[in-house]
Amino acid sequence: MKLGVILTEQARTESTYERLQAEKLSVVLAGNGIYHAVVKADGKPSKVLDKAADFYVLTEDMETRGFTAGDLVDGKIKPIDMSRLVDLIMVEHDKFVWL
Amino acid sequence: MKLGVILTEQARTESTYERLQAEKLSVVLAGNGIYHAVVKADGKPSKVLDKAADFYVLTEDMETRGFTAGDLVDGKIKPIDMSRLVDLIMVEHDKFVWL
Amino acid sequence: MATLTIGCFSSLVGSMSLDFAVKLAKAAKEKGHDVNMWVSGNGTMLSKKGQRAFKDYSYLAKTVEALIADGVQVTACEACAESRGFHKEDTMENFKRHSMDWYLAKCVVSDKVLHIGGE
Amino acid sequence: MATLTIGCFSSLVGSMSLDFAVKLAKAAKEKGHDVNMWVSGNGTMLSKKGQRAFKDYSYLAKTVEALIADGVQVTACEACAESRGFHKEDTMENFKRHSMDWYLAKCVVSDKVLHIGGE
Amino acid sequence: MARELKQLFVIQRPPYKSENPKLALTHAMASQTAEIYLEDGESVVPTLAFVGDGVLNVLNNQQAMKHYGLSSTENHVQMSLLIDLRVLVCKEDLEARGIGEDRLADGSALGADMTIEVLPFSAIMAEMEAADQLLFF
Amino acid sequence: MARELKQLFVIQRPPYKSENPKLALTHAMASQTAEIYLEDGESVVPTLAFVGDGVLNVLNNQQAMKHYGLSSTENHVQMSLLIDLRVLVCKEDLEARGIGEDRLADGSALGADMTIEVLPFSAIMAEMEAADQLLFF
C-alpha cells in the first residue's frame, strides 16, 4: 500500500509509528511535528527521521514556530505547502493517517 | 521545600519531573498517571517510580481504569482517596503542582 | 476530481488541529475536490455561533462560513454537541448536525478520508 | 481551615482533568476549606449553560451548581469564553466571568493554589 | 454501485485522558445505522484495532460509572462485540505492559458471541493493508 | 495585610499544539491589573520560567500572524519583557535542542528594557524553592 502519515506532536512515545510498514511510505511533519525537522533531541536528529520514508514538512507550520527551510536538520526533508499536501493525500497515496 | 507533584499522564517524555528536587517530595499518581503504579513499561516498572519520593495513587482513578490495590507494582505506593489528597495539599506540603 | 472527507475531534482554539482541518478543507476545495467535514467530541466547538475574533485566539468561524457557502458540507456530532450544551439554537447557520452514522456514510462515498483524532 | 484556589485550563468531557478539578473542589469544601475555582482556555466550556446529561459523557453541570450554591466562587475567563462564542447569555447562572487578573488576585489571598494546565 | 467499505479504526491512545478512544467505539457502532444515508447495496464495516497504549482501553473491571457517573470504555468494547464488530488487540503491547489475557473485557455477559482477538502486530499491520480506509484515534 | 506574592509560572509544553503556554503568558501579564481586586499593599509578581519543550516558546521569527492570523507566542514573550516580568529559560534544554541564544525573542524592538535570562536548571529550581506559589503550565 501507499501510505501517508501526518505527525503533529513533538513527542512520540508509543511505538506504532516505528512499526508501520508500507511499500511506499511518506511522512508529513505538520503542527508541532515540525520540530522533528528542525531541532535536535539530546543533541541528535530526531529518531522520527530514521524511518525509511519520504519526508515532508509543512512550511507554514515551520514558519509559525520560528523556523525556515535553512533550519532543516536533514536535506531529505522537503518543505511543502497545503496545496501540495492535498495532492499527496488525494492522488499519490492510497491512505493517509494522522498519528 | 515540601513539594507535592500530581502526575496524570501515562507518558512522561520531558525531563522536568526527573530533575525536580525538594527536601520532602510526594508524587500523586492520578488520572492516566495511575498506569505508572499498575502496569509495566517494556516489562519493567515505570521509571517514574525511581524518584526518591513518597508515592500515592488515587484509588478512584485506578478503579475507573480497571485496577485495584492488588495490582500495584510496588508496595511503596499508597492508595488514597480525594479527601486524603486535600490534606496532602492543604496541610502537609508547601506547594503542589500538576505536571 | 475526487471527494475528501475530513473528520476532526480536536478542540477549538487550543490545539491548532482544527485550524489545520479547516485549512486543508479550503485547499482541497480550491483544487476542485468535493469536501465533507465532520466534527465530533470537542471538535463540535467549531459549530458554536457567535465566536468572537481576537488576535490572541484562533478564529475559524469566518472561514467555515465561507466553506459552507462554497458547498462544503460541515456537520457536527449531535450528541457530542448537546452534552456540551450546544443546542440547535447555539449552532452557526447552515452548520449541520447529525448522529455519527452520517460520518461513516460520507466515508463510503469518499475517495479519501483523513481522520484527525487527538486533542 | 484554609483557602484553596484551583485553576483549570482543560476541556469539558474530553480529558477528565476538569472532572478532577470539580471533585477536588467538592472534597476540599466538604472538609471545611474555602474554595475558589478559575477556568480558562477550553476550561471555560464548564460555564456553558444547558449541558445535557448522557451516560457516555462526563456531566459536571449539576455538581458545579451545587458547589456554587455552597459558596464556592467559580469564575470563567471572559476573553477565553467570548472567543469560543460563550457570551453572558450562554453562561450558567451564578457562574462568574472576569478577566485573568481575578485569578491572580484570588491566589494572593489563598493559602494554597493548584493550577491544572494541559489539555 | 454496490460496495462494502472496510474501515480499520486504530486506537493508540489510553482511555479517559482523551475522549478519543471512546469516540472511536461509538463511531464504529454507528455503522449499524449508517444505511439510512446510503444507497442500496452500500454498507460500511469497521474493525477496531487497539495498539500501543490503546490496549489499556480493553481491560475489564473498569469502574467509571461508580466513580465518575460515566459509562466505561469496557462497556463500549462489550457493546461493540455484541453487534459483531471485530475487536483486535496487539499481543506484544499487552505483554510489554504485563497485562494477561484474563484481564480483557468479555462481551458474553451482554450476550455477545464475538470475543476479543489478541494478534501480533504483524497481523494488525496486514489488516491495515487490507482495509479500504484507515482511521487512527 | 501588606503582602507581595511571588509566583513562578513554569512552562514545560511547546507552543501552538496547546494553548497552555500562551495562557501562561497572558495570565502573568494580568498581574498588572490584579490590584483592582486587592487590598492596599497587596500585589502579585509572576516570573516566567521555560523548561523542557517549553523552551520552544521563546524563539524569535514566529510567523503565526502571517499563517494563522494569530498573535505569536514570541509577541507575548516580548510584551511580558516590556512590562518588566522576568523571563527565565533553561540553558541545558536549549542546548539539547541545538538552539543558540541568538534565536531567542528580543523585547527591545517593542521598547523593553528586560531581556531573557538563560539559566541552568539548578538556578530555575532555586526560583521554584523561593516562590510563594508554583504554577506549572
# chains A, B, ... in the order shown; residues from 1 in each chain; ligands from 1
>>> closest_atom_pairs(of="region 33-77 of chain A", to="region 54-68 of chain F", cutoff="8 Å", atoms="only C-alpha atoms", output="Markdown table")
| residue | atom | partner | partner_atom | distance |
| --- | --- | --- | --- | --- |
| A:Glu60 | CA | F:His67 | CA | 6.1 |
| A:Asp61 | CA | F:His67 | CA | 7.8 |
| A:Glu63 | CA | F:Gln63 | CA | 5.4 |
| A:Thr64 | CA | F:Gln63 | CA | 4.1 |
| A:Arg65 | CA | F:Gln62 | CA | 4.9 |
| A:Gly66 | CA | F:Gln62 | CA | 3.8 |
| A:Phe67 | CA | F:Asn61 | CA | 7.2 |
>>> interface_residues(of="chain E", to="chain C", cutoff="12 Å", atoms="only C-alpha atoms", output="PyMOL selection string")
chain E and resi 1-15+17-39+41-46+132-137
>>> atom_distance(atom1="CA of Leu20 (chain B)", atom2="CA of Met37 (chain D)")
26.8 Å
>>> select_by_dssp(residues="region 38-136 of chain F", states="helix (DSSP H, G or I)", output="compact mmCIF listing (two decimals) with N, CA, C and O atoms, in the first residue's frame")
# COMPACT_ATOMS: atom_id res chain seq x y z
N GLY F 52 12.25 22.31 29.56
CA GLY F 52 11.88 21.19 28.69
C GLY F 52 11.48 21.70 27.32
O GLY F 52 12.07 22.64 26.78
N ASP F 53 10.44 21.08 26.73
CA ASP F 53 9.96 21.54 25.43
C ASP F 53 9.39 22.95 25.50
O ASP F 53 9.16 23.59 24.46
N GLY F 54 9.16 23.44 26.71
CA GLY F 54 8.68 24.81 26.88
C GLY F 54 9.62 25.85 26.32
O GLY F 54 9.19 26.95 25.96
N VAL F 55 10.92 25.50 26.20
CA VAL F 55 11.87 26.50 25.67
C VAL F 55 11.55 26.85 24.22
O VAL F 55 11.97 27.91 23.73
N LEU F 56 10.79 26.01 23.54
CA LEU F 56 10.43 26.28 22.14
C LEU F 56 9.50 27.49 22.02
O LEU F 56 9.31 28.02 20.92
N ASN F 57 8.93 27.92 23.13
CA ASN F 57 8.04 29.09 23.10
C ASN F 57 8.76 30.41 22.86
O ASN F 57 8.16 31.36 22.38
N VAL F 58 10.03 30.48 23.26
CA VAL F 58 10.69 31.79 23.31
C VAL F 58 11.53 32.07 22.06
O VAL F 58 12.33 33.01 22.05
N ALA F 64 3.14 33.35 13.21
CA ALA F 64 1.78 32.86 13.44
C ALA F 64 0.73 33.82 12.86
O ALA F 64 -0.32 33.39 12.40
N MET F 65 1.03 35.11 12.88
CA MET F 65 0.07 36.08 12.34
C MET F 65 -0.07 35.89 10.84
O MET F 65 -1.18 35.87 10.30
N LYS F 66 1.06 35.71 10.16
CA LYS F 66 1.04 35.53 8.71
C LYS F 66 0.25 34.29 8.31
O LYS F 66 -0.55 34.32 7.38
N HIS F 67 0.45 33.20 9.02
CA HIS F 67 -0.13 31.93 8.57
C HIS F 67 -1.46 31.57 9.24
O HIS F 67 -2.25 30.83 8.68
N TYR F 68 -1.67 32.03 10.45
CA TYR F 68 -2.90 31.66 11.16
C TYR F 68 -3.69 32.87 11.69
O TYR F 68 -4.66 32.68 12.42
N THR F 73 3.38 33.52 20.00
CA THR F 73 3.82 33.37 21.38
C THR F 73 5.04 34.26 21.62
O THR F 73 5.21 34.82 22.70
N GLU F 74 5.87 34.40 20.58
CA GLU F 74 7.02 35.33 20.66
C GLU F 74 6.55 36.72 21.06
O GLU F 74 7.15 37.37 21.92
N ASN F 75 5.48 37.17 20.43
CA ASN F 75 4.96 38.50 20.72
C ASN F 75 4.56 38.63 22.20
O ASN F 75 4.80 39.66 22.85
N HIS F 76 3.97 37.57 22.73
CA HIS F 76 3.59 37.61 24.15
C HIS F 76 4.82 37.62 25.07
O HIS F 76 4.79 38.22 26.13
N VAL F 77 5.86 36.94 24.64
CA VAL F 77 7.11 36.97 25.42
C VAL F 77 7.66 38.40 25.42
O VAL F 77 8.06 38.94 26.47
N GLN F 78 7.65 39.03 24.25
CA GLN F 78 8.15 40.41 24.15
C GLN F 78 7.33 41.36 25.04
O GLN F 78 7.89 42.21 25.73
N MET F 79 6.00 41.18 25.03
CA MET F 79 5.14 42.03 25.84
C MET F 79 5.41 41.81 27.33
O MET F 79 5.34 42.76 28.12
N SER F 80 5.70 40.58 27.70
CA SER F 80 6.00 40.28 29.11
C SER F 80 7.27 41.00 29.54
O SER F 80 7.34 41.56 30.65
N LEU F 81 8.28 41.00 28.64
CA LEU F 81 9.52 41.72 28.94
C LEU F 81 9.25 43.22 29.05
O LEU F 81 9.79 43.91 29.92
N LEU F 82 8.37 43.70 28.18
CA LEU F 82 8.05 45.14 28.16
C LEU F 82 7.47 45.61 29.49
O LEU F 82 7.73 46.73 29.92
N LYS F 91 19.00 26.70 30.22
CA LYS F 91 20.17 26.61 29.35
C LYS F 91 20.36 25.20 28.77
O LYS F 91 20.54 25.02 27.56
N GLU F 92 20.30 24.19 29.63
CA GLU F 92 20.53 22.81 29.18
C GLU F 92 19.48 22.40 28.14
O GLU F 92 19.78 21.64 27.21
N ASP F 93 18.24 22.87 28.33
CA ASP F 93 17.17 22.45 27.42
C ASP F 93 17.30 23.12 26.05
O ASP F 93 16.93 22.53 25.03
N LEU F 94 17.83 24.34 26.03
CA LEU F 94 18.15 24.97 24.74
C LEU F 94 19.25 24.17 24.04
O LEU F 94 19.15 23.85 22.85
N GLU F 95 20.30 23.86 24.79
CA GLU F 95 21.45 23.17 24.20
C GLU F 95 21.08 21.79 23.66
O GLU F 95 21.50 21.42 22.56
N ALA F 96 20.27 21.05 24.42
CA ALA F 96 19.89 19.70 23.99
C ALA F 96 19.14 19.74 22.66
O ALA F 96 19.18 18.79 21.88
N GLU F 101 21.53 30.94 21.53
CA GLU F 101 20.90 32.06 22.24
C GLU F 101 20.56 33.22 21.30
O GLU F 101 19.76 34.09 21.64
N ASP F 102 21.15 33.23 20.10
CA ASP F 102 20.81 34.25 19.11
C ASP F 102 19.41 34.03 18.52
O ASP F 102 18.90 34.88 17.81
N ARG F 103 18.80 32.90 18.83
CA ARG F 103 17.47 32.59 18.29
C ARG F 103 16.34 33.00 19.22
O ARG F 103 15.18 32.71 18.97
N GLY F 107 12.88 41.68 23.26
CA GLY F 107 11.84 42.66 23.54
C GLY F 107 12.21 44.09 23.18
O GLY F 107 11.37 44.98 23.25
N SER F 108 13.45 44.32 22.78
CA SER F 108 13.90 45.70 22.61
C SER F 108 13.18 46.41 21.47
O SER F 108 12.99 47.63 21.50
N ALA F 109 12.74 45.65 20.47
CA ALA F 109 12.00 46.25 19.36
C ALA F 109 10.72 46.93 19.86
O ALA F 109 10.27 47.93 19.32
N LEU F 110 10.15 46.37 20.91
CA LEU F 110 8.94 46.96 21.50
C LEU F 110 9.30 48.00 22.57
O LEU F 110 8.41 48.59 23.17
N PHE F 121 19.35 24.71 34.91
CA PHE F 121 18.16 24.21 35.61
C PHE F 121 18.26 24.41 37.11
O PHE F 121 17.25 24.71 37.77
N SER F 122 19.47 24.28 37.65
CA SER F 122 19.63 24.42 39.10
C SER F 122 19.17 25.80 39.58
O SER F 122 18.59 25.93 40.66
N ALA F 123 19.43 26.82 38.76
CA ALA F 123 19.01 28.18 39.15
C ALA F 123 17.49 28.31 39.06
O ALA F 123 16.86 29.00 39.89
N ILE F 124 16.90 27.63 38.09
CA ILE F 124 15.43 27.67 37.98
C ILE F 124 14.81 26.90 39.14
O ILE F 124 13.79 27.30 39.71
N MET F 125 15.45 25.80 39.52
CA MET F 125 15.00 25.03 40.69
C MET F 125 15.04 25.91 41.95
O MET F 125 14.12 25.87 42.78
N ALA F 126 16.06 26.74 42.07
CA ALA F 126 16.16 27.65 43.22
C ALA F 126 15.03 28.67 43.21
O ALA F 126 14.50 29.05 44.26
N GLU F 127 14.64 29.10 42.01
CA GLU F 127 13.50 30.03 41.90
C GLU F 127 12.20 29.34 42.33
O GLU F 127 11.32 29.96 42.93
N MET F 128 12.08 28.05 42.01
CA MET F 128 10.89 27.30 42.45
C MET F 128 10.82 27.27 43.97
O MET F 128 9.76 27.42 44.57
N GLU F 129 11.98 27.04 44.57
CA GLU F 129 12.09 27.00 46.03
C GLU F 129 11.69 28.35 46.63
O GLU F 129 10.96 28.41 47.62
N ALA F 130 12.14 29.42 46.02
CA ALA F 130 11.94 30.76 46.58
C ALA F 130 10.52 31.30 46.36
O ALA F 130 10.07 32.18 47.10
>>> interface_residues(of="chain A", to="chain C", cutoff="8 Å", atoms="only C-alpha atoms", output="ChimeraX atom specification")
/A:31,82-83,86,89-90,94-99
>>> write_last_selection(atoms="N, CA, C and O atoms", output="tab-separated table (two decimals), in the first residue's frame")
chain	number	residue	atom	x	y	z
A	31	GLY	N	2.12	20.86	12.21
A	31	GLY	CA	1.89	21.26	13.59
A	31	GLY	C	3.18	21.17	14.38
A	31	GLY	O	4.26	21.50	13.87
A	82	MET	N	0.18	23.63	1.74
A	82	MET	CA	-1.07	22.90	1.92
A	82	MET	C	-1.60	22.36	0.59
A	82	MET	O	-2.18	21.27	0.54
A	83	SER	N	-1.38	23.10	-0.47
A	83	SER	CA	-1.86	22.67	-1.79
A	83	SER	C	-1.15	21.38	-2.23
A	83	SER	O	-1.78	20.45	-2.75
A	86	VAL	N	-2.53	18.43	-0.38
A	86	VAL	CA	-3.78	17.93	-0.97
A	86	VAL	C	-3.47	16.89	-2.04
A	86	VAL	O	-4.10	15.82	-2.09
A	89	ILE	N	-2.37	13.60	-0.55
A	89	ILE	CA	-3.49	12.85	0.01
A	89	ILE	C	-4.41	12.30	-1.09
A	89	ILE	O	-4.76	11.12	-1.09
A	90	MET	N	-4.76	13.15	-2.02
A	90	MET	CA	-5.81	12.79	-2.99
A	90	MET	C	-5.31	11.94	-4.15
A	90	MET	O	-6.07	11.17	-4.74
A	94	ASP	N	-2.68	5.77	-1.22
A	94	ASP	CA	-3.96	5.08	-1.06
A	94	ASP	C	-4.67	5.56	0.21
A	94	ASP	O	-5.88	5.76	0.23
A	95	LYS	N	-3.89	5.69	1.28
A	95	LYS	CA	-4.47	6.02	2.59
A	95	LYS	C	-3.55	7.02	3.29
A	95	LYS	O	-2.33	6.96	3.13
A	96	PHE	N	-4.17	7.88	4.06
A	96	PHE	CA	-3.41	8.88	4.80
A	96	PHE	C	-3.92	8.88	6.23
A	96	PHE	O	-5.12	8.93	6.46
A	97	VAL	N	-3.00	8.81	7.19
A	97	VAL	CA	-3.44	8.77	8.59
A	97	VAL	C	-2.76	9.87	9.41
A	97	VAL	O	-1.65	10.30	9.12
A	98	TRP	N	-3.47	10.30	10.41
A	98	TRP	CA	-3.00	11.33	11.36
A	98	TRP	C	-2.65	10.59	12.64
A	98	TRP	O	-3.54	10.10	13.33
A	99	LEU	N	-1.38	10.46	12.93
A	99	LEU	CA	-0.97	9.63	14.06
A	99	LEU	C	-1.18	10.29	15.41
A	99	LEU	O	-1.10	11.50	15.52
>>> closest_residue(among="B:Val57, B:Val38, B:Leu29, B:Met1", to="chain E", atoms="only C-alpha atoms")
B:Val38
>>> closest_residue(among="F:Val51, F:Val118, F:Ala112, F:Asp84", to="Gly100 (chain F)", atoms="only C-alpha atoms")
F:Val118
>>> interface_residues(of="chain A", to="chain F", cutoff="12 Å", atoms="only C-alpha atoms", output="compact mmCIF listing (two decimals) with N, CA, C and O atoms, in the first residue's frame")
# COMPACT_ATOMS: atom_id res chain seq x y z
N LEU A 7 2.43 13.55 11.15
CA LEU A 7 2.88 13.59 12.55
C LEU A 7 2.77 15.03 13.05
O LEU A 7 3.37 15.92 12.46
N THR A 8 2.06 15.24 14.15
CA THR A 8 1.86 16.61 14.62
C THR A 8 2.30 16.83 16.05
O THR A 8 2.02 17.87 16.63
N GLU A 9 2.97 15.84 16.63
CA GLU A 9 3.42 16.03 18.00
C GLU A 9 4.94 15.99 18.05
O GLU A 9 5.57 15.29 17.27
N GLN A 10 5.51 16.74 18.95
CA GLN A 10 6.97 16.73 19.04
C GLN A 10 7.46 15.54 19.85
O GLN A 10 8.60 15.16 19.76
N ALA A 11 6.56 14.95 20.64
CA ALA A 11 6.96 13.78 21.43
C ALA A 11 6.24 12.55 20.92
O ALA A 11 5.02 12.53 20.86
N ALA A 30 3.81 18.16 10.44
CA ALA A 30 2.97 19.36 10.49
C ALA A 30 2.74 19.71 11.95
O ALA A 30 3.11 18.94 12.84
N GLY A 31 2.12 20.86 12.21
CA GLY A 31 1.89 21.26 13.59
C GLY A 31 3.18 21.17 14.38
O GLY A 31 4.26 21.50 13.87
N ASN A 32 3.11 20.68 15.62
CA ASN A 32 4.33 20.57 16.41
C ASN A 32 5.22 19.42 15.95
O ASN A 32 6.34 19.26 16.45
N GLY A 33 4.76 18.64 14.99
CA GLY A 33 5.62 17.63 14.38
C GLY A 33 6.80 18.24 13.64
O GLY A 33 7.83 17.57 13.42
N ILE A 34 6.69 19.53 13.28
CA ILE A 34 7.78 20.18 12.53
C ILE A 34 9.08 20.21 13.35
O ILE A 34 10.16 20.32 12.78
N TYR A 35 8.96 20.14 14.67
CA TYR A 35 10.18 20.18 15.49
C TYR A 35 11.12 19.02 15.16
O TYR A 35 12.33 19.13 15.31
N HIS A 36 10.56 17.89 14.72
CA HIS A 36 11.42 16.77 14.32
C HIS A 36 12.32 17.15 13.15
O HIS A 36 13.38 16.55 12.96
N ALA A 37 11.88 18.12 12.36
CA ALA A 37 12.63 18.51 11.17
C ALA A 37 13.69 19.57 11.45
O ALA A 37 14.64 19.71 10.68
N VAL A 38 13.53 20.30 12.55
CA VAL A 38 14.39 21.48 12.73
C VAL A 38 15.14 21.58 14.06
O VAL A 38 16.08 22.36 14.17
N VAL A 39 14.73 20.82 15.07
CA VAL A 39 15.51 20.87 16.31
C VAL A 39 16.03 19.48 16.65
O VAL A 39 15.53 18.48 16.16
N LYS A 40 17.05 19.46 17.46
CA LYS A 40 17.63 18.18 17.83
C LYS A 40 16.98 17.66 19.10
O LYS A 40 16.28 18.38 19.81
N ALA A 41 17.20 16.39 19.35
CA ALA A 41 16.73 15.77 20.58
C ALA A 41 17.98 15.24 21.27
O ALA A 41 18.64 14.35 20.73
N ASP A 42 18.32 15.83 22.42
CA ASP A 42 19.57 15.49 23.11
C ASP A 42 20.76 15.58 22.17
O ASP A 42 21.62 14.68 22.14
N GLY A 43 20.79 16.62 21.38
CA GLY A 43 21.94 16.87 20.51
C GLY A 43 21.97 16.08 19.21
O GLY A 43 22.85 16.28 18.39
N LYS A 44 21.00 15.18 19.02
CA LYS A 44 20.98 14.36 17.79
C LYS A 44 19.69 14.61 17.00
O LYS A 44 18.68 15.00 17.58
N PRO A 45 19.72 14.32 15.69
CA PRO A 45 18.47 14.44 14.93
C PRO A 45 17.40 13.51 15.50
O PRO A 45 17.73 12.46 16.05
N SER A 46 16.17 13.90 15.39
CA SER A 46 15.06 13.10 15.92
C SER A 46 15.04 11.70 15.32
O SER A 46 15.27 11.50 14.13
N LEU A 58 5.57 20.87 6.56
CA LEU A 58 4.63 21.92 6.14
C LEU A 58 5.26 23.29 6.44
O LEU A 58 5.45 23.65 7.60
N THR A 59 5.57 24.01 5.38
CA THR A 59 6.31 25.27 5.52
C THR A 59 5.61 26.24 6.47
O THR A 59 6.25 26.86 7.33
N GLU A 60 4.29 26.39 6.33
CA GLU A 60 3.61 27.39 7.16
C GLU A 60 3.66 27.04 8.64
O GLU A 60 3.74 27.93 9.48
N ASP A 61 3.65 25.76 8.96
CA ASP A 61 3.72 25.38 10.38
C ASP A 61 5.14 25.55 10.92
O ASP A 61 5.35 25.85 12.10
N MET A 62 6.12 25.35 10.03
CA MET A 62 7.52 25.58 10.40
C MET A 62 7.74 27.07 10.67
O MET A 62 8.31 27.45 11.69
N GLU A 63 7.25 27.92 9.77
CA GLU A 63 7.44 29.36 9.93
C GLU A 63 6.67 29.91 11.13
O GLU A 63 7.13 30.81 11.82
N THR A 64 5.49 29.36 11.36
CA THR A 64 4.71 29.79 12.53
C THR A 64 5.53 29.64 13.81
O THR A 64 5.44 30.46 14.72
N ARG A 65 6.35 28.59 13.85
CA ARG A 65 7.13 28.29 15.06
C ARG A 65 8.53 28.88 15.04
O ARG A 65 9.37 28.57 15.89
N GLY A 66 8.81 29.74 14.05
CA GLY A 66 10.08 30.46 14.05
C GLY A 66 11.21 29.83 13.25
O GLY A 66 12.37 30.19 13.44
N PHE A 67 10.90 28.88 12.39
CA PHE A 67 11.94 28.21 11.61
C PHE A 67 11.72 28.39 10.11
O PHE A 67 10.61 28.67 9.66
N THR A 68 12.81 28.21 9.36
CA THR A 68 12.72 28.28 7.90
C THR A 68 13.41 27.06 7.31
O THR A 68 14.04 26.27 8.04
N ASP A 71 16.79 25.84 8.38
CA ASP A 71 16.99 25.17 9.68
C ASP A 71 16.84 23.65 9.61
O ASP A 71 17.05 22.96 10.62
N LEU A 72 16.44 23.11 8.47
CA LEU A 72 16.19 21.66 8.39
C LEU A 72 17.44 20.87 8.75
O LEU A 72 18.53 21.15 8.25
N VAL A 73 17.30 19.88 9.59
CA VAL A 73 18.46 19.13 10.07
C VAL A 73 18.92 18.09 9.07
O VAL A 73 19.99 17.50 9.21
N ASP A 81 3.67 23.08 0.78
CA ASP A 81 2.55 23.90 1.26
C ASP A 81 1.27 23.04 1.30
O ASP A 81 1.29 21.86 0.96
N MET A 82 0.18 23.63 1.74
CA MET A 82 -1.07 22.90 1.92
C MET A 82 -1.60 22.36 0.59
O MET A 82 -2.18 21.27 0.54
>>> residues_around(residues="region 62-78 of chain D", least_positions_apart="3", cutoff="7 Å", atoms="only C-alpha atoms", output="list in words")
Lys26, Val35, Asn36, Met37, Trp38, Val39, Ser40, Thr44, Ser47, Ala81, Glu82, Phe95, Lys96, Arg97, His98, Ser99 and Met100 of chain D
>>> select_by_dssp(residues="region 69-102 of chain F", states="strand (DSSP E)", output="JSON, numbers by chain")
{"F": [87, 88, 89, 90]}
>>> write_last_selection(atoms="N, CA and C atoms", output="PDB file, in the first residue's frame")
ATOM      1  N   VAL F  87      11.837  36.740  32.565  1.00  0.00           N
ATOM      2  CA  VAL F  87      11.616  35.577  31.702  1.00  0.00           C
ATOM      3  C   VAL F  87      12.879  34.716  31.747  1.00  0.00           C
ATOM      4  N   LEU F  88      12.756  33.535  32.351  1.00  0.00           N
ATOM      5  CA  LEU F  88      13.899  32.635  32.517  1.00  0.00           C
ATOM      6  C   LEU F  88      13.774  31.468  31.535  1.00  0.00           C
ATOM      7  N   VAL F  89      14.902  31.074  30.949  1.00  0.00           N
ATOM      8  CA  VAL F  89      14.891  29.944  30.014  1.00  0.00           C
ATOM      9  C   VAL F  89      16.013  28.986  30.396  1.00  0.00           C
ATOM     10  N   CYS F  90      15.705  27.694  30.387  1.00  0.00           N
ATOM     11  CA  CYS F  90      16.677  26.689  30.827  1.00  0.00           C
ATOM     12  C   CYS F  90      17.771  26.470  29.781  1.00  0.00           C
TER      13      CYS F  90
END
